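Notes follow once the structure below has been shown.
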Amino acid sequence: MDQTDLDIIAALQLAPRVPANSLGEILGVPTTTITRRLNRLQNERLMKVIGRFAWPLILSGNPQQLWVRCIPGRAAQVAEELKAFPEIQFVMTTSGTGDIYADLFPLRGSNIDHLVTDRIPSIKGIKSVESRLVLDSRRVGQSWRLRRLTPSQTEALEAHVEPVNLPALDSMEQLTDVEFCTMVELGRNARASAAEIARTVDASSSSVYRAIQMLLGTGAISPRVEVEPSAVGFPLSAAISLQVKPKFIGSVLDRLSVHDSARMVSMVTGKAPVVFHGLFTGPEELAAFITQDIGALPGIQAMDTCVGLNVLRRYWMDRDGILIGDQVEGLLRR
């Protein structure tokens with residue numbers, strides 16, 4: 001990727017559905033170049049603009065973080081086998097006290113208790129599984145940004161963000177067939193037009209357009225950019241578990257959630273109630289974050305740092321290095 005590619009990705013992180021002509025005007029790049037670059041990035045599987053589904057609509061409970069210890073030499077194979085479960089939203093091999101970190105999402109109709117206590121621990125090669133229930137998702141993956149745009153560019157892009165200004169949906173049963181199918185398609189490609197989706201779902205463009213507006217306006221789906229951080233200059237990822245005195249947990253979550261390196265910040269059950277997932281340009285930046293930023297936080301009692309080795313799945317899309325695969329089927333259920 002060159003500087004123009006990175007600018008496009010940074011802009012789409014702010015306004016994922018901004019029209020190509022507006023994007024070109026804001027970045028000072030011809031529309032034809034924007035269109036060609038967008039097509040290349042997506043066709044070469046370097047970037048996708050997808051839809052993030054509202055958790056209350058697709059889940060039957062809170063997510064769980066899984067820390068898996070394996071028999072020596074079996075971590076890569078176990079991580080591959082975890083991908084067989086559609087409930088596994090994210091999986092990464094790590095170096096540290098755990099061999100694998102994974103996010104388990106209780107999709108509607110899933111028996112999560114059975115998965116955690118029986119099916120996953122019985123995978124050949126696993127020694128132990130520690131599950132931590134997520135109590136508070138203070139920051140999620142789509143909040144991470146490439147910091148490369150000017151304030152005026154950022155302001156111009158923010159004008160192209162669809163507002164969430166309608167009452168939230170209570171359940172998937174509120175969706176018509178057209179709305180449900182539109183939500184599925186937006187999950188795969190959040191830049192798809194009403195006409196493109198209409199041809200896929202066999203409905204009129206006007207019906208699909210109304211469905212798109214409703215889904216975006218209620219927050220049932222939120223457009224987001226998917227790109228592997230290592231492809232855009234952040235090859236080092238770290239998952240840091242923090243033991244924090246109870247009265248300081250809230251302030252620690254608040255401070256960490258606004259850090260530029262933060263991708264996910266959660267409060268979880270277990271002896272380390274705060275888990276921070278961050279992205280870094282290299283070991284020096286990680287070292288500075290640990291000693292200066294975490295070191296300055298009150299109430300920290302102990303920490304455990306695991307460094308990511310290989311991401312095999314992120315947001316229900318399998319990965320091959322920096323290349324992004326297709327979304328797991330059957331995430332939306334009603």
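Residues in the structure tokens are numbered from 1 in each chain, the chains being A, B, ... in the order shown, and ligands are numbered from 1 in the order shown.
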
Got a sec: who's within 12 Å of Gly24 in chain A, counting only C-alpha atoms, leaving out chain neighbours fewer than 2 positions off, as a PDB file with C-alpha atoms, in the first residue's frame?
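Output file around_1.pdb is given in full below:
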```pdb
ATOM      1  CA  THR A   4      -2.913   7.260  -1.121  1.00  0.00           C
ATOM      2  CA  ASP A   5      -4.129   3.792  -0.138  1.00  0.00           C
ATOM      3  CA  ASP A   7      -5.342   7.902   3.221  1.00  0.00           C
ATOM      4  CA  ILE A   8      -8.333   6.113   1.684  1.00  0.00           C
ATOM      5  CA  ALA A  11     -10.953   8.203   5.526  1.00  0.00           C
ATOM      6  CA  LEU A  12     -13.193   5.151   5.304  1.00  0.00           C
ATOM      7  CA  VAL A  18     -18.740   8.192   1.742  1.00  0.00           C
ATOM      8  CA  PRO A  19     -19.282   8.394  -2.059  1.00  0.00           C
ATOM      9  CA  ALA A  20     -16.159   8.057  -4.179  1.00  0.00           C
ATOM     10  CA  ASN A  21     -16.501  11.535  -5.683  1.00  0.00           C
ATOM     11  CA  SER A  22     -16.779  13.149  -2.243  1.00  0.00           C
ATOM     12  CA  ILE A  26     -11.744  15.601   0.435  1.00  0.00           C
ATOM     13  CA  LEU A  27      -8.427  13.807  -0.170  1.00  0.00           C
ATOM     14  CA  GLY A  28      -7.490  15.842  -3.242  1.00  0.00           C
ATOM     15  CA  VAL A  29      -7.390  12.760  -5.468  1.00  0.00           C
ATOM     16  CA  PRO A  30      -9.262  12.274  -8.783  1.00  0.00           C
ATOM     17  CA  THR A  31     -12.467  10.256  -8.492  1.00  0.00           C
ATOM     18  CA  THR A  32     -11.211   7.782 -11.099  1.00  0.00           C
ATOM     19  CA  THR A  33      -8.151   7.115  -8.964  1.00  0.00           C
ATOM     20  CA  ILE A  34     -10.297   6.669  -5.839  1.00  0.00           C
ATOM     21  CA  THR A  35     -12.561   4.202  -7.635  1.00  0.00           C
ATOM     22  CA  ARG A  36      -9.623   2.249  -9.064  1.00  0.00           C
ATOM     23  CA  ARG A  37      -7.854   2.099  -5.687  1.00  0.00           C
ATOM     24  CA  LEU A  38     -11.026   1.015  -3.860  1.00  0.00           C
ATOM     25  CA  GLN A 153     -10.525  16.464   6.218  1.00  0.00           C
ATOM     26  CA  ALA A 156     -15.595  16.983   5.988  1.00  0.00           C
ATOM     27  CA  LEU A 157     -15.772  13.195   6.325  1.00  0.00           C
TER      28      LEU A 157
END
```

Strand (DSSP E) per DSSP on the backbone: members of range 120-190 of chain A, as a ChimeraX atom specification
/A:126-139

May I have the residues within 6 Å of range 59-68 of chain A as a VMD selection string, using only C-alpha atoms and disregarding those fewer than 3 positions away in the same chain?
chain A and resid 55 to 56 98 to 108 128 to 134

Those residues you just picked out, can you put them in a file as a short mmCIF file (atom, residue, chain, number, x, y, z; two decimals), in the first residue's frame with N, CA, C and O atoms?
```cif
data_model
loop_
_atom_site.label_atom_id
_atom_site.label_comp_id
_atom_site.auth_asym_id
_atom_site.auth_seq_id
_atom_site.Cartn_x
_atom_site.Cartn_y
_atom_site.Cartn_z
N TRP A 55 -24.93 -6.10 18.77
CA TRP A 55 -24.84 -7.32 19.57
C TRP A 55 -26.18 -7.79 20.13
O TRP A 55 -26.46 -8.99 20.10
N PRO A 56 -27.04 -6.90 20.66
CA PRO A 56 -28.30 -7.41 21.23
C PRO A 56 -29.18 -8.14 20.22
O PRO A 56 -30.03 -8.94 20.62
N GLY A 98 -0.59 -17.76 27.70
CA GLY A 98 -1.55 -18.50 26.90
C GLY A 98 -1.01 -18.74 25.51
O GLY A 98 -0.21 -17.96 25.00
N ASP A 99 -1.43 -19.85 24.90
CA ASP A 99 -0.98 -20.15 23.53
C ASP A 99 -1.94 -19.61 22.49
O ASP A 99 -1.54 -19.34 21.35
N ILE A 100 -3.22 -19.48 22.86
CA ILE A 100 -4.25 -18.99 21.94
C ILE A 100 -5.19 -18.06 22.70
O ILE A 100 -5.58 -18.34 23.84
N TYR A 101 -5.52 -16.96 22.06
CA TYR A 101 -6.59 -16.09 22.56
C TYR A 101 -7.73 -16.13 21.55
O TYR A 101 -7.50 -16.05 20.34
N ALA A 102 -8.98 -16.24 22.04
CA ALA A 102 -10.13 -16.27 21.16
C ALA A 102 -11.29 -15.53 21.82
O ALA A 102 -11.42 -15.49 23.04
N ASP A 103 -12.15 -14.94 20.98
CA ASP A 103 -13.41 -14.34 21.44
C ASP A 103 -14.55 -15.25 21.05
O ASP A 103 -14.70 -15.62 19.86
N LEU A 104 -15.36 -15.62 22.02
CA LEU A 104 -16.50 -16.52 21.81
C LEU A 104 -17.78 -15.71 21.95
O LEU A 104 -18.04 -15.14 23.01
N PHE A 105 -18.58 -15.67 20.90
CA PHE A 105 -19.82 -14.90 20.90
C PHE A 105 -21.02 -15.85 20.90
O PHE A 105 -21.14 -16.69 20.01
N PRO A 106 -21.92 -15.72 21.89
CA PRO A 106 -23.08 -16.61 21.98
C PRO A 106 -24.15 -16.27 20.95
O PRO A 106 -25.13 -15.58 21.26
N LEU A 107 -23.95 -16.71 19.73
CA LEU A 107 -24.95 -16.48 18.68
C LEU A 107 -26.28 -17.10 19.08
O LEU A 107 -26.33 -18.11 19.79
N ARG A 108 -27.36 -16.51 18.63
CA ARG A 108 -28.68 -17.02 18.98
C ARG A 108 -28.81 -18.49 18.58
O ARG A 108 -28.46 -18.88 17.47
N SER A 128 -5.83 -26.74 28.70
CA SER A 128 -6.79 -26.06 29.56
C SER A 128 -7.39 -24.87 28.83
O SER A 128 -6.78 -24.33 27.89
N VAL A 129 -8.59 -24.47 29.28
CA VAL A 129 -9.27 -23.30 28.72
C VAL A 129 -9.76 -22.45 29.88
O VAL A 129 -10.49 -22.93 30.74
N GLU A 130 -9.35 -21.20 29.90
CA GLU A 130 -9.87 -20.24 30.88
C GLU A 130 -10.82 -19.30 30.17
O GLU A 130 -10.45 -18.64 29.19
N SER A 131 -12.07 -19.24 30.62
CA SER A 131 -13.05 -18.36 29.99
C SER A 131 -13.34 -17.19 30.92
O SER A 131 -13.47 -17.36 32.14
N ARG A 132 -13.43 -16.00 30.33
CA ARG A 132 -13.72 -14.79 31.09
C ARG A 132 -14.92 -14.10 30.44
O ARG A 132 -14.88 -13.73 29.26
N LEU A 133 -15.97 -13.92 31.21
CA LEU A 133 -17.17 -13.25 30.71
C LEU A 133 -16.91 -11.76 30.57
O LEU A 133 -16.40 -11.11 31.49
N VAL A 134 -17.25 -11.20 29.41
CA VAL A 134 -17.08 -9.76 29.18
C VAL A 134 -18.23 -9.02 29.85
O VAL A 134 -19.40 -9.23 29.51
#
```

Choose the residue, out of A:Ser261, A:Ser241, A:Ser266, A:Gln13, that has the smallest atom-to-atom separation from Leu135 in chain A; count only C-alpha atoms.
A:Ser266

Residue contacts of Glu185 in chain A (9 Å, only C-alpha atoms) excluding same-chain residues fewer than 4 positions away, as a PyMOL selection string
chain A and resi 51+180-181+189-190+192+197+200-201

Would you mind reading off the distance between CA of Thr305 in chain A and CA of Ile71 in chain A, one decimal, in Å?
20.4 Å

Tell me which protein, DNA and RNA residues are within 12 Å of Pro167 in chain A, counting only C-alpha atoms, leaving out same-chain ones fewer than 6 positions away, and put them as a list in words.
Met214, Leu215, Leu216, Gly217, Thr218, Gly219 and Ala220 of chain A

Write out, as a short mmCIF file (atom, residue, chain, number, x, y, z; two decimals), in the first residue's frame, the residues just selected, with N, CA and C atoms.
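After the write, part38.cif holds the following:
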```
data_model
loop_
_atom_site.label_atom_id
_atom_site.label_comp_id
_atom_site.auth_asym_id
_atom_site.auth_seq_id
_atom_site.Cartn_x
_atom_site.Cartn_y
_atom_site.Cartn_z
N MET A 214 -33.32 2.34 7.39
CA MET A 214 -33.81 1.89 8.69
C MET A 214 -32.70 1.18 9.47
N LEU A 215 -31.97 0.30 8.82
CA LEU A 215 -30.93 -0.48 9.50
C LEU A 215 -29.80 0.43 10.01
N LEU A 216 -29.43 1.42 9.20
CA LEU A 216 -28.39 2.35 9.63
C LEU A 216 -28.92 3.30 10.71
N GLY A 217 -30.14 3.77 10.53
CA GLY A 217 -30.70 4.74 11.46
C GLY A 217 -30.96 4.18 12.84
N THR A 218 -31.27 2.88 12.92
CA THR A 218 -31.51 2.25 14.23
C THR A 218 -30.23 1.71 14.86
N GLY A 219 -29.14 1.71 14.10
CA GLY A 219 -27.90 1.13 14.61
C GLY A 219 -27.88 -0.38 14.57
N ALA A 220 -28.87 -0.98 13.87
CA ALA A 220 -28.88 -2.44 13.74
C ALA A 220 -27.61 -2.93 13.05
#
```

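For Gln327 in chain A, the set of protein, DNA and RNA residues having any atom at most 10 Å away, when counting only C-alpha atoms and skipping those fewer than 3 positions along the same chain, is Ile50, Pro86, Gly187, Arg188, Arg313, Arg314, Tyr315, Trp316, Met317, Asp318, Ile324, Gly330 and Leu331 of chain A.
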
Could you go through range 43-292 of chain A and tell me which residues DSSP, when run on the backbone, assigns to alpha helix (DSSP H), listing them as an MDAnalysis selection string?
chainID A and resid 43 55:58 75:82 112:114 151:158 177:188 194:201 205:218 249:257 283:288

What would the file look like if the residues just selected were written as a tab-separated table (two decimals), in the first residue's frame with C-alpha atoms?
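Saved result, part.tsv, follows:
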```tsv
chain	number	residue	atom	x	y	z
A	43	ASN	CA	-10.43	-7.32	-5.07
A	55	TRP	CA	-24.84	-7.32	19.57
A	56	PRO	CA	-28.30	-7.41	21.23
A	57	LEU	CA	-29.82	-8.53	17.90
A	58	ILE	CA	-27.49	-11.43	17.15
A	75	ALA	CA	-1.24	-24.47	19.13
A	76	ALA	CA	-1.46	-23.84	15.38
A	77	GLN	CA	-3.56	-26.95	14.79
A	78	VAL	CA	-5.88	-26.16	17.72
A	79	ALA	CA	-6.35	-22.60	16.44
A	80	GLU	CA	-7.36	-23.96	13.03
A	81	GLU	CA	-9.89	-26.29	14.65
A	82	LEU	CA	-11.41	-23.42	16.62
A	112	ILE	CA	-22.41	-21.67	24.94
A	113	ASP	CA	-22.19	-23.63	28.19
A	114	HIS	CA	-21.72	-26.82	26.18
A	151	PRO	CA	-8.75	18.32	11.04
A	152	SER	CA	-10.49	19.83	8.01
A	153	GLN	CA	-10.52	16.46	6.22
A	154	THR	CA	-11.87	14.79	9.34
A	155	GLU	CA	-14.64	17.38	9.65
A	156	ALA	CA	-15.60	16.98	5.99
A	157	LEU	CA	-15.77	13.20	6.33
A	158	GLU	CA	-17.89	13.36	9.46
A	177	ASP	CA	-37.75	-10.54	4.82
A	178	VAL	CA	-36.36	-7.71	2.67
A	179	GLU	CA	-34.85	-5.99	5.71
A	180	PHE	CA	-33.32	-9.23	6.96
A	181	CYS	CA	-31.77	-10.04	3.58
A	182	THR	CA	-30.53	-6.46	3.24
A	183	MET	CA	-28.88	-6.72	6.65
A	184	VAL	CA	-27.10	-9.91	5.56
A	185	GLU	CA	-25.76	-8.20	2.42
A	186	LEU	CA	-24.67	-5.06	4.26
A	187	GLY	CA	-22.80	-7.28	6.68
A	188	ARG	CA	-20.72	-8.54	3.77
A	194	ALA	CA	-29.64	-0.24	-2.92
A	195	ALA	CA	-29.61	-1.25	-6.59
A	196	GLU	CA	-26.81	-3.79	-6.05
A	197	ILE	CA	-28.51	-5.37	-3.06
A	198	ALA	CA	-31.90	-5.34	-4.81
A	199	ARG	CA	-30.53	-7.53	-7.60
A	200	THR	CA	-29.20	-10.01	-5.03
A	201	VAL	CA	-32.28	-10.23	-2.80
A	205	SER	CA	-34.48	-0.75	-5.20
A	206	SER	CA	-36.89	1.50	-3.31
A	207	SER	CA	-37.70	-1.25	-0.78
A	208	VAL	CA	-34.02	-1.98	-0.25
A	209	TYR	CA	-33.22	1.72	0.05
A	210	ARG	CA	-35.78	2.10	2.83
A	211	ALA	CA	-34.37	-1.01	4.51
A	212	ILE	CA	-30.83	0.40	4.39
A	213	GLN	CA	-31.95	3.69	5.91
A	214	MET	CA	-33.81	1.89	8.69
A	215	LEU	CA	-30.93	-0.48	9.50
A	216	LEU	CA	-28.39	2.35	9.63
A	217	GLY	CA	-30.70	4.74	11.46
A	218	THR	CA	-31.51	2.25	14.23
A	249	ILE	CA	-11.32	-0.25	37.46
A	250	GLY	CA	-13.59	2.43	36.00
A	251	SER	CA	-10.87	5.06	35.71
A	252	VAL	CA	-8.42	2.56	34.19
A	253	LEU	CA	-11.00	1.56	31.58
A	254	ASP	CA	-11.65	5.21	30.77
A	255	ARG	CA	-7.98	6.09	30.43
A	256	LEU	CA	-7.05	3.07	28.31
A	257	SER	CA	-10.07	3.31	26.01
A	283	PRO	CA	8.58	-3.33	20.55
A	284	GLU	CA	9.80	0.15	21.46
A	285	GLU	CA	6.31	1.62	21.26
A	286	LEU	CA	4.89	-1.28	23.29
A	287	ALA	CA	7.61	-0.84	25.91
A	288	ALA	CA	6.84	2.87	26.19
```

Ser95 in chain A: which residues within 7 Å, counting only C-alpha atoms, same-chain residues fewer than 5 positions away excluded, as number ranges by chain?
A: 306-309

Selected residues, all heavy atoms, written as a PDB file, in the first residue's frame, please.
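Output (again_29.pdb):
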```
ATOM      1  N   CYS A 306       0.626 -10.716  26.608  1.00  0.00           N
ATOM      2  CA  CYS A 306       0.757 -11.736  25.562  1.00  0.00           C
ATOM      3  C   CYS A 306       0.878 -11.027  24.221  1.00  0.00           C
ATOM      4  O   CYS A 306       0.077 -10.130  23.910  1.00  0.00           O
ATOM      5  CB  CYS A 306      -0.459 -12.663  25.554  1.00  0.00           C
ATOM      6  SG  CYS A 306      -0.565 -13.774  26.968  1.00  0.00           S
ATOM      7  N   VAL A 307       1.847 -11.414  23.429  1.00  0.00           N
ATOM      8  CA  VAL A 307       2.067 -10.819  22.111  1.00  0.00           C
ATOM      9  C   VAL A 307       1.445 -11.701  21.045  1.00  0.00           C
ATOM     10  O   VAL A 307       1.617 -12.930  21.056  1.00  0.00           O
ATOM     11  CB  VAL A 307       3.576 -10.631  21.841  1.00  0.00           C
ATOM     12  CG1 VAL A 307       3.815 -10.179  20.403  1.00  0.00           C
ATOM     13  CG2 VAL A 307       4.163  -9.623  22.824  1.00  0.00           C
ATOM     14  N   GLY A 308       0.684 -11.080  20.133  1.00  0.00           N
ATOM     15  CA  GLY A 308       0.052 -11.826  19.058  1.00  0.00           C
ATOM     16  C   GLY A 308       1.065 -12.340  18.051  1.00  0.00           C
ATOM     17  O   GLY A 308       1.994 -11.617  17.656  1.00  0.00           O
ATOM     18  N   LEU A 309       0.907 -13.584  17.646  1.00  0.00           N
ATOM     19  CA  LEU A 309       1.792 -14.179  16.644  1.00  0.00           C
ATOM     20  C   LEU A 309       1.122 -14.279  15.286  1.00  0.00           C
ATOM     21  O   LEU A 309       1.688 -13.878  14.271  1.00  0.00           O
ATOM     22  CB  LEU A 309       2.237 -15.577  17.109  1.00  0.00           C
ATOM     23  CG  LEU A 309       3.024 -15.642  18.413  1.00  0.00           C
ATOM     24  CD1 LEU A 309       3.331 -17.092  18.764  1.00  0.00           C
ATOM     25  CD2 LEU A 309       4.312 -14.831  18.321  1.00  0.00           C
TER      26      LEU A 309
END
```

Using only C-alpha atoms, what table do you get, as a tab-separated table, when you list each residue of range 222-330 of chain A with an atom no more than 9 Å from range 139-147 of chain A, its nearest pair of atoms, and their distance in Å rounded to one decimal, rows by chain then rising number?
```
residue	atom	partner	partner_atom	distance
A:Pro223	CA	A:Gln142	CA	8.9
A:Arg224	CA	A:Gln142	CA	6.0
A:Val225	CA	A:Gln142	CA	7.1
A:Glu226	CA	A:Gln142	CA	8.1
A:Val232	CA	A:Leu146	CA	8.4
A:Leu253	CA	A:Arg139	CA	8.9
A:Ser257	CA	A:Arg139	CA	5.7
A:Val258	CA	A:Arg139	CA	8.4
A:Asp260	CA	A:Trp144	CA	7.3
A:Ser261	CA	A:Trp144	CA	7.4
A:Ala262	CA	A:Trp144	CA	6.5
A:Arg263	CA	A:Gly141	CA	4.9
A:Met264	CA	A:Val140	CA	4.7
A:Val265	CA	A:Arg139	CA	5.0
A:Ser266	CA	A:Arg139	CA	7.0
A:Leu279	CA	A:Trp144	CA	9.0
A:Tyr315	CA	A:Gly141	CA	8.8
```

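Counting from CA of Val91 in chain A, the distance to CA of Arg333 in chain A is 22.2 Å.
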